[in-house]
Structure formats: C-alpha cells, structure tokens
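This report concerns only the one structure given below.
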Protein chains: 6
Amino acid sequence: MAEVTVTRRMHFNAAHRVHNPALSDAENERLFGKCNNPNWHGHNYMLDVSVAGPIEERTGYVMDLGALKAIVQREVIDHVDHRNMNLEVGFMRDIIPTAENIVVACWRVLEPRVAPARLARLVLWETPNNYVEYDGR
Amino acid sequence: MAEVTVTRRMHFNAAHRVHNPALSDAENERLFGKCNNPNWHGHNYMLDVSVAGPIEERTGYVMDLGALKAIVQREVIDHVDHRNMNLEVGFMRDIIPTAENIVVACWRVLEPRVAPARLARLVLWETPNNYVEYDGR
Amino acid sequence: MAEVTVTRRMHFNAAHRVHNPALSDAENERLFGKCNNPNWHGHNYMLDVSVAGPIEERTGYVMDLGALKAIVQREVIDHVDHRNMNLEVGFMRDIIPTAENIVVACWRVLEPRVAPARLARLVLWETPNNYVEYDGR
Amino acid sequence: MAEVTVTRRMHFNAAHRVHNPALSDAENERLFGKCNNPNWHGHNYMLDVSVAGPIEERTGYVMDLGALKAIVQREVIDHVDHRNMNLEVGFMRDIIPTAENIVVACWRVLEPRVAPARLARLVLWETPNNYVEYDGR
Amino acid sequence: MAEVTVTRRMHFNAAHRVHNPALSDAENERLFGKCNNPNWHGHNYMLDVSVAGPIEERTGYVMDLGALKAIVQREVIDHVDHRNMNLEVGFMRDIIPTAENIVVACWRVLEPRVAPARLARLVLWETPNNYVEYDGR
Amino acid sequence: MAEVTVTRRMHFNAAHRVHNPALSDAENERLFGKCNNPNWHGHNYMLDVSVAGPIEERTGYVMDLGALKAIVQREVIDHVDHRNMNLEVGFMRDIIPTAENIVVACWRVLEPRVAPARLARLVLWETPNNYVEYDGR
C-alpha cells in the first residue's frame, strides 16, 4: 500500500545566543564568534514538518494537514514564536539553541503527538542559506 | 558507478474540490471544511519529477531533461493544466483529488514512461506551505 | 516628515473562469482560450497590501500591521479564500475575474477601510510568473 | 539620458524588541503585544539598496555594485548583523526599532555615502510576509 | 479610468563578459575584476516586463498576457537565451553587456512592439542578489 | 545517538557548453541542441552542501557551518565562480560539464575534506526549474 509523505511548513521568529554555560566566556567567544553575542541576535525560522503513512481511503489524506498544523502550532510555535530560545522555551531548557539542537528538541515534542501518522522528517531553516534536518535516527 | 538523481520542476493550475461521493454532504463538510466547497477552489501546483540512474558517458546526462520535460508535459501537464481535477482528468477518475492521491496517480502515469531511467521521487506542492512526496513504495 | 510605505503579504486560493457573459461561447473561447474552461481552474493568489503615511512617534509604526492584516482578512480574504471568484464573491459580482479586475475590486473594498493610513499600492500575483499592480489612479 | 535604478540585496540577522521607553509597561504591552517581549525576539532581515543615475559610458554601470555592497556592508551590515537593534546600534540610539524606523535610519546613514549616485529606494523585509520601503521623501 | 500595470516574468540563460574594448586589458581588469574574465561567465537572468493601461471592458485585460509573452519571447528571449551576450545578440552589438545596458536595450526593442499598451517598466535580475530597473526615462 | 544533517547553501556563476569532444559537431548539436552553443551560455548555480553526524555536546553543532562554508569556498567556489566550466576548472578537466558531472566532481573534491563530519548529500541547482543531487552512492 502506497506510503506518502506530507509536509506542513510553519514559521516563527525568535532570539537566541549560541552559548555553552559550562565553558568560559573566552572559550564561548572563540567557538561561536558573533553568534555568541551576549545581547542576542535572532532569526525568522522556517520549520517543515513531515509525516508519512498510507493514504486513508475515506479522506484521501495521510493526515488532515489542518490537524497537523494545529498540533505544531500548539506544541511548538506557541512556545517559540517571538520568544528567546535560551530563556523562555520549556523544551529547550539546558540545551544550547543551535539549529541542530532545536530540530531534535522539536522532534521529541512532536513525535508522540502525530500518531497514528508517523513523524518522518523535520527540516529547520535558520537563514535562507542554512538548514538542518532530522529523521529520528 | 555513480547514481545521480535529476529533477525537472513543472507547473500547472487547476480547480478541485476535496469530496468523497460515497459520503453524505454533512460528512464531507465535517471532514473537509472549506476544501469541500461545491463551487470549487484551485491552486498553482508545482510538480518536481526526479529520475535516477547512472551518468551516460557519452552525454554526461542521466536523462535528457528536455526529453523528461516533454514526457511530463504530454502525460501529466496537458491533462491537468487549467482543468478541473474532479471532472476532467482521465487518470484521476473516481479518485478524491487530494495532493496525496494526485501525486500517486502521477506516479502511475509517469513510472512506465521514463525508462530506462528510473522514476525516483515526485514532490507536489499545493500551496507555498504544504507539499507531498512519493517514491513508489 | 518621512513617509514610509508598509506592506503586508496575504494569500488565498480560489477557482475562477475568465468569461464575459455578454459574448458568445465561441468568442469567449477565442479571446480567453484555456482560461475560459467552463469547468473552472484556479490559483494560489498572493496579495501585497501597501499603505503609506508618516511614522507615528509613539509607536514607530505607519500602521499596526496586525490591524492591517485583520482588515484585509475580514474584508478580502474571508470572501475569496477557497471560493469561486465568478459565483461566490459579493465584490466581484458582474465583473470578469481577471487579475486586473480583481486588484481594482480589492482596492475599492480596502481603500476606505485603512484610514487614517493611505492605501498606496496593491500587487496581486496570480502565478509565479505574472502579477498586476494598482495604485488607485 | 537614460536613468537606471540598480539594486543590491543584503542580509542581516538581529534581535529587537518593539518598546517605547516613554510609555508604561502596560501601555507597551497593549500597543505591541508579543513584539514587546522583554526577552527579545529576532529576524532575518533583507535590505534592498537601490541607487539611480545615468549609465557611465566607460563602464556600462550606474555604479559598481561591488563598491555599493562594500559601502552598505561597512556602514550598515557590520553595525547590525548578529546585534541587538535596541542596545548595540549607534544609528538606532533612542529610536524604537520598528521596520519603519530602521529603514529611515538606514537611509540617513547611506544617503550621503553613495554619491555621485543617488540613493533611490530602500526596501527592508522583516519577515517573508512584511516589508517597508522608503524613498527619502 | 483605472490604469493597471500587468507584468509577465520571463527567464533566459546567457554567457557574458563585462569588457570595454576601447580600454586596455589592464584597465578592464582593474574596472571589472572577475566579471572581465576573457573565458566568460554566465547567469540565469529573470526579466519582468510590465505594461500599463486601462482595463478593456470586453476582456478585463490590460493586454492579453499570452500575447505579451509571445512578443517578449520572439523579440528578446529567442535572441539571448543560451547565447553569448557579447558575440551573438544583434541588439547588444557594440554595447558592454552590463545589466544596466541590457535592460535599456530590451526597452528599445520592446517599447515599440507592445502598443497599444504602454511599456511601463522592465526589471532584470542578474543574480538572486542584484537587479536593475528601467522605466524609459 | 541522534544524527543530524546540516546544509550550507552556496552560489556561483559560470559559463559552460555541453559538448563531448569525442563526437562530431553534428552529433553534439543533435544531442545537446542550444546547450551546445560554441559561444557558451551560463548559469547562476546554487550548491547545497550537506554533512551529517552526531551533535557535539560541547558546541551543539554537527560541524561549524562557518568552517564548512570556508572549505566549500576554497575547494569549489573559488575555482568555479565567474569561470568557464569547460576551460578553467582543474577538477572538471576532460569532463562534460553537465549538472550531473559537476555534482559528482564536487563530491570527489569535498568528500575527503569535511572529515570528521560525513558528506551526506550535494544538490546542485542549474536553473530555478532543474537540479541534480548525489549522495556518494
């Protein structure tokens, strides 16, 4: 039976600072450069949430994208949009807010909530020239 | 021997209505909401057609993209562009025209026609914020 | 005093048919070709709404873009999104729904409602390769 | 003699908070909502810098775009990229960092520095769905 | 009577070299740097052709965009696509092929051919980060 | 342990000609059409370089994207930007410069240089409507 992957693209704006509190300021500065600015900087993030599964015969859908959007809005976007990723996001507590760590944290939040569809891939764009992706492995 | 995937992006505009004729109007309305509008709505669809294979030494091509474009134009675009997906498309007869069902139907049309290249993936964008993909499995 | 133009981009999907009911079917077919398909086709429209004015000292805004978005949503998008532009849109009654006519009709709807800001320009994209613009003159 | 407008697109990432220090916290919250978050948020800004003038016969250029890029980089981007627009940018001191105010401040910085070309227009995108423009009037 | 501007976006790929044959090689190298490479380089150009006029009551069009596309294809694109802008394009003979000079040359070709519509603006993108525009003045 | 893929998007402009010197001119013309133009044509290429690996606990990075950018700039972009792909690029010597062959050649250049990260995928866009991808298999 055909398995199709469907994706909903979501957007949020946030401030962050790439900083490891276990390291000295000098080491942070050396490792992260301008991304370590103590006064923060920020991005327009774009998150592509993909779920996979068979097509339901009754609806022609793998999953209602309106329902998927509502889940991602409630579980992720409402927590990060117009927020500070280092200070204000419960699921990012004690995690350096690099794009890599954000995408894995989003996976942990979303993976149990999209059933019976299967979370297949997350792609997070941090700028128009760099993005990260994670498929749970 | 290196296997490369090459993609040609195609565009079409169409009207559709997400509707299951086996269900009541009330059930259709409940399941599909505004997408069930009996007066139709429509989209600018974007279809990425990917074929994979070894690079031919003589041409440096996996497949001539002009030839691929001509196949997709003749077998898919000419049938759906400026058309009603529910009423006028032979390969969509009796299929609810969700993006998921359209992409699988396009696969069935294109898969036998791109040989000796191998159809590797179809991605269908329905709006700038949602797309579906299928790889034949 | 500086006058700045601020723009909010909005999206809607709709079905339409380019058809002049005052002309014969043959004449419509000749003039509009595939855009005259009696079974409709459709587009993902993108509408850029621009207002101009001085910057308010208290807010740093020409106009609160959240308020502008709410006006455009209520006055335009809610009437056209997932709709048939020929059959279902009050402000398009008896108007051939070309992009040109749609953009002028949107102007007439929005111009009186954005005061005290001044509606400066509307740009309507019908496909990724064509768009129209109107500035009220 | 033909006058042509040439544009160089530049990018920067920054944190900001829409906040008027002359108003109470409650009034700021009422006016600016989530954009007033005291912990900041941020954007990937895109700035289109346009200069106009006749085409130099010797070069075929209105202005060497490499030179224009260097001016914008030195005078604007180096001051705002990976910075906090409220706290760290000299030319934004005591200015509420809305897109409107940022674009006018950039104009004041750039206008005297692009001579003998004439600064013709600045467009600043704050998100993929909103932008502001200013032409010095 | 309302005047609307309608735009058709066109694409072409070409090779060029920014070079003034009246100057020495050293002077060319100093003025144009890597753009002066004698072995050429190239671009995917994007040309937005805008015409303005009143909306025809019979059609709802300022001008049939299919007709506009055909004119631009025949008069410009067929001459420049997959061509060398310095060597092979009649309307660029003895003109340094900067974006500024190309856009003015396209104006001269197109302006007499779009009547009774009025050519209102040409925008030529040379890369995703730079473009030029010309309105005939 | 989570493996994440991180991507850096890079840009270059180049001239090329699709031509197999082992074949006759007539055969080249038949196989490659306008892409065989002896006077060259060119493109704005976009190259997405993806590396995969576990997230380093100390940095939250799979690999510092600034370091990845510097490697791709030095090993690829500096060799191809504003160049002729047939005549001037060491790693393309005796290779027909189709997108397929370019992407495989870039892989051979980059794969040994990104260790200890693992080169996971290269995507090369030749125009806005076609791209190729390679993952080393």
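Chain lettering (A, B, ...) mirrors the order of the structure tokens, residue numbering begins at 1 for each chain separately, and ligand numbering begins at 1 in order of display.
Around A:Pro116, within 10 Å and counting only C-alpha atoms, the residues found are Val51, Ala52, Gly53, Val62 and Met63 of chain A, once anything fewer than 5 positions away on its own chain is removed.
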Only residues of chain F matter here; which ones have an atom within 9 Å of chain A, counting only C-alpha atoms? Give them as number ranges by chain. F: 1-10, 48, 50, 55, 57-62, 64-65
For the residues in that selection, give me C-alpha atoms as a PDB file, in the first residue's frame.
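File out-v7.pdb, as written:
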```pdb
ATOM      1  CA  MET F   1      22.815   8.992  19.344  1.00  0.00           C
ATOM      2  CA  ALA F   2      20.959  11.478  17.150  1.00  0.00           C
ATOM      3  CA  GLU F   3      22.454  12.046  13.704  1.00  0.00           C
ATOM      4  CA  VAL F   4      21.510  15.361  12.149  1.00  0.00           C
ATOM      5  CA  THR F   5      22.163  16.632   8.633  1.00  0.00           C
ATOM      6  CA  VAL F   6      23.259  20.272   8.280  1.00  0.00           C
ATOM      7  CA  THR F   7      23.342  22.130   4.997  1.00  0.00           C
ATOM      8  CA  ARG F   8      25.097  25.235   3.781  1.00  0.00           C
ATOM      9  CA  ARG F   9      23.840  26.815   0.550  1.00  0.00           C
ATOM     10  CA  MET F  10      26.497  28.384  -1.707  1.00  0.00           C
ATOM     11  CA  ASP F  48      23.597  22.848  -1.176  1.00  0.00           C
ATOM     12  CA  SER F  50      25.039  18.681   3.445  1.00  0.00           C
ATOM     13  CA  ILE F  55      25.723  16.613  17.576  1.00  0.00           C
ATOM     14  CA  GLU F  57      27.780  18.095  23.163  1.00  0.00           C
ATOM     15  CA  ARG F  58      30.221  20.943  23.758  1.00  0.00           C
ATOM     16  CA  THR F  59      29.051  23.058  20.806  1.00  0.00           C
ATOM     17  CA  GLY F  60      25.617  21.819  19.836  1.00  0.00           C
ATOM     18  CA  TYR F  61      26.985  21.619  16.291  1.00  0.00           C
ATOM     19  CA  VAL F  62      27.403  18.707  13.890  1.00  0.00           C
ATOM     20  CA  ASP F  64      30.731  24.613  12.486  1.00  0.00           C
ATOM     21  CA  LEU F  65      28.933  25.949   9.391  1.00  0.00           C
TER      22      LEU F  65
END
```
I'd like the interatomic distance between atom CA of B:Asn13 and atom CA of B:His79, to a tenth of an Å.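 Result for atom CA of B:Asn13 versus atom CA of B:His79: 11.0 Å, one decimal.
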For E:Glu111, find every residue with an atom within 10 Å (counting only C-alpha atoms), except residues of its own chain fewer than 5 positions away, and show them as a list in words. Val51, Cys106, Ala117, Arg118, Leu119, Ala120, Arg121 and Gly136 of chain E
Selected residue of minimal separation from E:Gly42 among E:Asn86, E:Arg74, E:Arg113, E:Ala26, counting only C-alpha atoms: E:Asn86
